[in-house]
Amino acid sequence: MTKEFTPDPVLNAEVDRKFKETEYEPLGKPVYIKKETALDAMAGDGGYKLGTLSGSIRMQMHRQGKRFWAGDNISEYVDEEQKEVLIDEATKAFESVLDALLIDRENDPNSKGTARRLAKMYFNEIMAGRYDPAPDATAFPNDSQDRYEGMLVVRSELRSMCSHHHQPVTGVAYIGIIAAEKLIGLSKYTRIAQWCARRGTLQEELCNDIAREIEKATGAKDIGVYIQAVHGCCENRGIMAHSSLTQTTVLKGAFKNDAGTKKEFMDNIKLQQEFAPR
Ligand SMILES: [Zn+2]
């Protein structure tokens, strides 16, 4: 039986050279991928395809121990210019998917630009929260004598996507905080919630993510986040349940430990729902 010869990446100079100078030209615009040292080469490429920007970025995150799950923000690894190259790479990949699905993207006028539309939609819309940095939420001081000490409840409309089937998740988050030493603009709560939602998520994780990011932006320790959403996953496929609703709650600080605060939060949610039924 013959065994295929695989050259050692460190000992074999030819392979080593390929690791060092990988060039990729998507639009006649060369993109030089980070030079690899012999040590990097020894670490292996983790099975990622060389010669693509996405392969290079994945390799970099892999080596640095950066998690890049569907719900993770990876904005520090992707700038605006790189995003355009990644959209080109995703377009090619979606073209292959359409080909595998036996859809005539040459002659079907509705399928002609679909691969690029999908690629742009993923990066710029339905998964934008993975590639965009956190929204700028300027904090205003709330430390004077007549500072606001009450509860604040903001209702934020959400659009997300389940990471299992890439089906839409549509719903509302109610974000409650007891004002701390600083306050952020009211629209910022929704911007933060939407930034967390525009990724591939699980509702349970999304609830946690929003609570954590609101805590970071406001410094408040007393936080409650309640989400109710309908899932395309349950409506369009599988059990095809049209009126199913999923509710998740994350409570921190007084929202968790003080029954009065928790009740006030839940009562506020009911008042909001009477004002605008969801
Ligand atoms: Zn799903």
# chains A, B, ... in the order shown; residues from 1 in each chain; ligands from 1
>>> residues_near_ligand(ligand="ligand 1", cutoff="7 Å", atoms="only C-alpha atoms and all ligand atoms", output="list of chain:residue names")
A:Cys162, A:Ser163, A:His164, A:His165, A:His166, A:Gln167, A:Cys233
>>> closest_atom_pairs(of="stretch 171-201 of chain A", to="stretch 217-227 of chain A", cutoff="8 Å", atoms="only C-alpha atoms", output="JSON lines")
{"residue": "A:Gly171", "atom": "CA", "partner": "A:Ile227", "partner_atom": "CA", "distance": 7.1}
{"residue": "A:Val172", "atom": "CA", "partner": "A:Ile227", "partner_atom": "CA", "distance": 5.7}
{"residue": "A:Ala173", "atom": "CA", "partner": "A:Ile227", "partner_atom": "CA", "distance": 4.3}
{"residue": "A:Tyr174", "atom": "CA", "partner": "A:Tyr226", "partner_atom": "CA", "distance": 5.1}
{"residue": "A:Ile175", "atom": "CA", "partner": "A:Val225", "partner_atom": "CA", "distance": 4.7}
{"residue": "A:Gly176", "atom": "CA", "partner": "A:Gly224", "partner_atom": "CA", "distance": 4.9}
{"residue": "A:Ile177", "atom": "CA", "partner": "A:Ile223", "partner_atom": "CA", "distance": 4.6}
{"residue": "A:Ile178", "atom": "CA", "partner": "A:Asp222", "partner_atom": "CA", "distance": 5.6}
{"residue": "A:Ala179", "atom": "CA", "partner": "A:Ala220", "partner_atom": "CA", "distance": 6.5}
{"residue": "A:Ala180", "atom": "CA", "partner": "A:Ala220", "partner_atom": "CA", "distance": 5.0}
{"residue": "A:Glu181", "atom": "CA", "partner": "A:Gly219", "partner_atom": "CA", "distance": 7.4}
{"residue": "A:Lys182", "atom": "CA", "partner": "A:Thr218", "partner_atom": "CA", "distance": 6.1}
{"residue": "A:Leu183", "atom": "CA", "partner": "A:Thr218", "partner_atom": "CA", "distance": 6.1}
{"residue": "A:Ile184", "atom": "CA", "partner": "A:Thr218", "partner_atom": "CA", "distance": 6.5}
>>> write_last_selection(atoms="all heavy atoms", output="compact mmCIF listing (two decimals), in the first residue's frame")
# COMPACT_ATOMS: atom_id res chain seq x y z
N GLY A 171 -38.10 39.87 18.26
CA GLY A 171 -38.70 40.06 19.57
C GLY A 171 -38.38 41.40 20.19
O GLY A 171 -37.98 42.35 19.52
N VAL A 172 -38.58 41.44 21.50
CA VAL A 172 -38.39 42.67 22.26
C VAL A 172 -37.60 42.35 23.52
O VAL A 172 -37.83 41.33 24.16
CB VAL A 172 -39.76 43.26 22.70
CG1 VAL A 172 -39.57 44.62 23.35
CG2 VAL A 172 -40.70 43.39 21.53
N ALA A 173 -36.65 43.24 23.83
CA ALA A 173 -35.93 43.11 25.11
C ALA A 173 -36.39 44.26 26.01
O ALA A 173 -36.55 45.39 25.55
CB ALA A 173 -34.43 43.20 24.88
N TYR A 174 -36.65 43.95 27.28
CA TYR A 174 -36.92 44.99 28.28
C TYR A 174 -35.69 45.05 29.16
O TYR A 174 -35.32 44.04 29.79
CB TYR A 174 -38.16 44.65 29.10
CG TYR A 174 -39.43 44.65 28.26
CD1 TYR A 174 -39.87 43.48 27.65
CD2 TYR A 174 -40.15 45.82 28.06
CE1 TYR A 174 -41.01 43.48 26.86
CE2 TYR A 174 -41.29 45.83 27.28
CZ TYR A 174 -41.72 44.64 26.67
OH TYR A 174 -42.84 44.66 25.89
N ILE A 175 -35.04 46.20 29.15
CA ILE A 175 -33.80 46.36 29.91
C ILE A 175 -34.09 47.26 31.10
O ILE A 175 -34.54 48.39 30.93
CB ILE A 175 -32.70 47.01 29.03
CG1 ILE A 175 -32.46 46.14 27.79
CG2 ILE A 175 -31.41 47.20 29.82
CD1 ILE A 175 -31.66 46.84 26.70
N GLY A 176 -33.85 46.75 32.30
CA GLY A 176 -34.08 47.55 33.51
C GLY A 176 -32.79 47.76 34.27
O GLY A 176 -31.98 46.84 34.39
N ILE A 177 -32.57 49.00 34.74
CA ILE A 177 -31.42 49.24 35.63
C ILE A 177 -31.85 50.18 36.75
O ILE A 177 -32.80 50.95 36.61
CB ILE A 177 -30.16 49.84 34.92
CG1 ILE A 177 -30.41 51.28 34.45
CG2 ILE A 177 -29.70 48.99 33.76
CD1 ILE A 177 -29.11 52.00 34.12
N ILE A 178 -31.16 50.08 37.87
CA ILE A 178 -31.26 51.11 38.90
C ILE A 178 -30.08 52.03 38.60
O ILE A 178 -28.93 51.59 38.58
CB ILE A 178 -31.10 50.53 40.33
CG1 ILE A 178 -32.07 49.37 40.59
CG2 ILE A 178 -31.25 51.65 41.37
CD1 ILE A 178 -33.51 49.74 40.77
N ALA A 179 -30.40 53.30 38.32
CA ALA A 179 -29.37 54.24 37.88
C ALA A 179 -28.18 54.26 38.83
O ALA A 179 -28.35 54.35 40.05
CB ALA A 179 -29.97 55.63 37.74
N ALA A 180 -26.96 54.18 38.27
CA ALA A 180 -25.73 54.26 39.08
C ALA A 180 -25.13 55.66 38.95
O ALA A 180 -25.86 56.61 38.71
CB ALA A 180 -24.76 53.19 38.62
N GLU A 181 -23.83 55.78 39.07
CA GLU A 181 -23.15 57.08 39.06
C GLU A 181 -23.16 57.75 37.69
O GLU A 181 -22.86 58.91 37.56
CB GLU A 181 -21.70 56.91 39.52
CG GLU A 181 -21.57 56.28 40.89
CD GLU A 181 -21.40 57.31 42.00
OE1 GLU A 181 -20.32 57.92 42.01
OE2 GLU A 181 -22.33 57.49 42.80
N LYS A 182 -23.41 56.95 36.66
CA LYS A 182 -23.48 57.56 35.32
C LYS A 182 -24.69 57.02 34.56
O LYS A 182 -25.18 55.93 34.85
CB LYS A 182 -22.17 57.34 34.56
CG LYS A 182 -21.69 55.91 34.51
CD LYS A 182 -20.29 55.82 33.90
CE LYS A 182 -19.90 54.37 33.74
NZ LYS A 182 -18.64 54.18 33.05
N LEU A 183 -25.11 57.83 33.58
CA LEU A 183 -26.26 57.46 32.76
C LEU A 183 -25.83 57.50 31.30
O LEU A 183 -24.96 58.29 30.93
CB LEU A 183 -27.40 58.46 32.97
CG LEU A 183 -28.09 58.47 34.34
CD1 LEU A 183 -29.06 59.64 34.42
CD2 LEU A 183 -28.83 57.16 34.58
N ILE A 184 -26.44 56.66 30.47
CA ILE A 184 -26.17 56.75 29.03
C ILE A 184 -27.45 57.20 28.34
O ILE A 184 -28.55 57.08 28.92
CB ILE A 184 -25.66 55.41 28.45
CG1 ILE A 184 -26.64 54.26 28.71
CG2 ILE A 184 -24.28 55.07 29.03
CD1 ILE A 184 -26.31 52.97 27.98
>>> select_by_dssp(residues="stretch 118-225 of chain A", states="alpha helix (DSSP H)", output="number ranges by chain")
A: 118-121, 128-131, 186-197, 203-218
>>> closest_residue(among="A:Val153, A:Ile192, A:Val169, A:Met127", to="A:His231", atoms="only C-alpha atoms")
A:Val169
>>> select_by_dssp(residues="stretch 51-277 of chain A", states="strand (DSSP E or B)", output="PyMOL selection string")
chain A and resi 139-141+151-162+168-178+182-184+200-201+223-231+246-252
>>> closest_atom_pairs(of="stretch 63-106 of chain A", to="stretch 195-212 of chain A", cutoff="8 Å", atoms="only C-alpha atoms", output="CSV")
residue,atom,partner,partner_atom,distance
A:Ala70,CA,A:Gly200,CA,4.7
A:Gly71,CA,A:Gly200,CA,5.0
A:Asp72,CA,A:Arg199,CA,7.6
>>> atom_distance(atom1="atom CA of A:Glu84", atom2="atom CA of A:Lys120")
8.9 Å
>>> residues_around(residues="A:Ala276", least_positions_apart="5", cutoff="12 Å", atoms="only C-alpha atoms", output="number ranges by chain")
A: 155-157, 172, 269-271
>>> write_last_selection(atoms="N, CA, C and O atoms", output="PDB file, in the first residue's frame")
ATOM      1  N   ARG A 155     -37.521  49.622  26.456  1.00  0.00           N
ATOM      2  CA  ARG A 155     -37.974  48.541  25.582  1.00  0.00           C
ATOM      3  C   ARG A 155     -37.220  48.622  24.267  1.00  0.00           C
ATOM      4  O   ARG A 155     -37.231  49.664  23.606  1.00  0.00           O
ATOM      5  N   SER A 156     -36.553  47.553  23.881  1.00  0.00           N
ATOM      6  CA  SER A 156     -35.750  47.565  22.662  1.00  0.00           C
ATOM      7  C   SER A 156     -36.209  46.475  21.709  1.00  0.00           C
ATOM      8  O   SER A 156     -36.259  45.311  22.087  1.00  0.00           O
ATOM      9  N   GLU A 157     -36.533  46.880  20.491  1.00  0.00           N
ATOM     10  CA  GLU A 157     -36.926  45.876  19.507  1.00  0.00           C
ATOM     11  C   GLU A 157     -35.688  45.137  19.013  1.00  0.00           C
ATOM     12  O   GLU A 157     -34.634  45.747  18.828  1.00  0.00           O
ATOM     13  N   VAL A 172     -38.584  41.444  21.500  1.00  0.00           N
ATOM     14  CA  VAL A 172     -38.393  42.670  22.256  1.00  0.00           C
ATOM     15  C   VAL A 172     -37.597  42.353  23.518  1.00  0.00           C
ATOM     16  O   VAL A 172     -37.829  41.328  24.158  1.00  0.00           O
ATOM     17  N   ILE A 269     -42.786  45.988  32.951  1.00  0.00           N
ATOM     18  CA  ILE A 269     -42.866  45.280  31.662  1.00  0.00           C
ATOM     19  C   ILE A 269     -44.333  45.148  31.251  1.00  0.00           C
ATOM     20  O   ILE A 269     -44.694  45.404  30.100  1.00  0.00           O
ATOM     21  N   LYS A 270     -45.196  44.774  32.241  1.00  0.00           N
ATOM     22  CA  LYS A 270     -46.627  44.639  31.922  1.00  0.00           C
ATOM     23  C   LYS A 270     -47.216  45.973  31.475  1.00  0.00           C
ATOM     24  O   LYS A 270     -48.008  46.022  30.526  1.00  0.00           O
ATOM     25  N   LEU A 271     -46.819  47.070  32.135  1.00  0.00           N
ATOM     26  CA  LEU A 271     -47.301  48.402  31.739  1.00  0.00           C
ATOM     27  C   LEU A 271     -46.863  48.723  30.317  1.00  0.00           C
ATOM     28  O   LEU A 271     -47.633  49.249  29.527  1.00  0.00           O
TER      29      LEU A 271
END
>>> atom_distance(atom1="atom CA of A:Val230", atom2="atom CA of A:Asn73")
23.5 Å
>>> closest_residue(among="A:His242, A:Ser187, A:Pro109, A:Leu251", to="A:Met266", atoms="only C-alpha atoms")
A:Leu251
>>> atom_distance(atom1="atom CA of A:Trp69", atom2="atom CA of A:Ser244")
26.7 Å
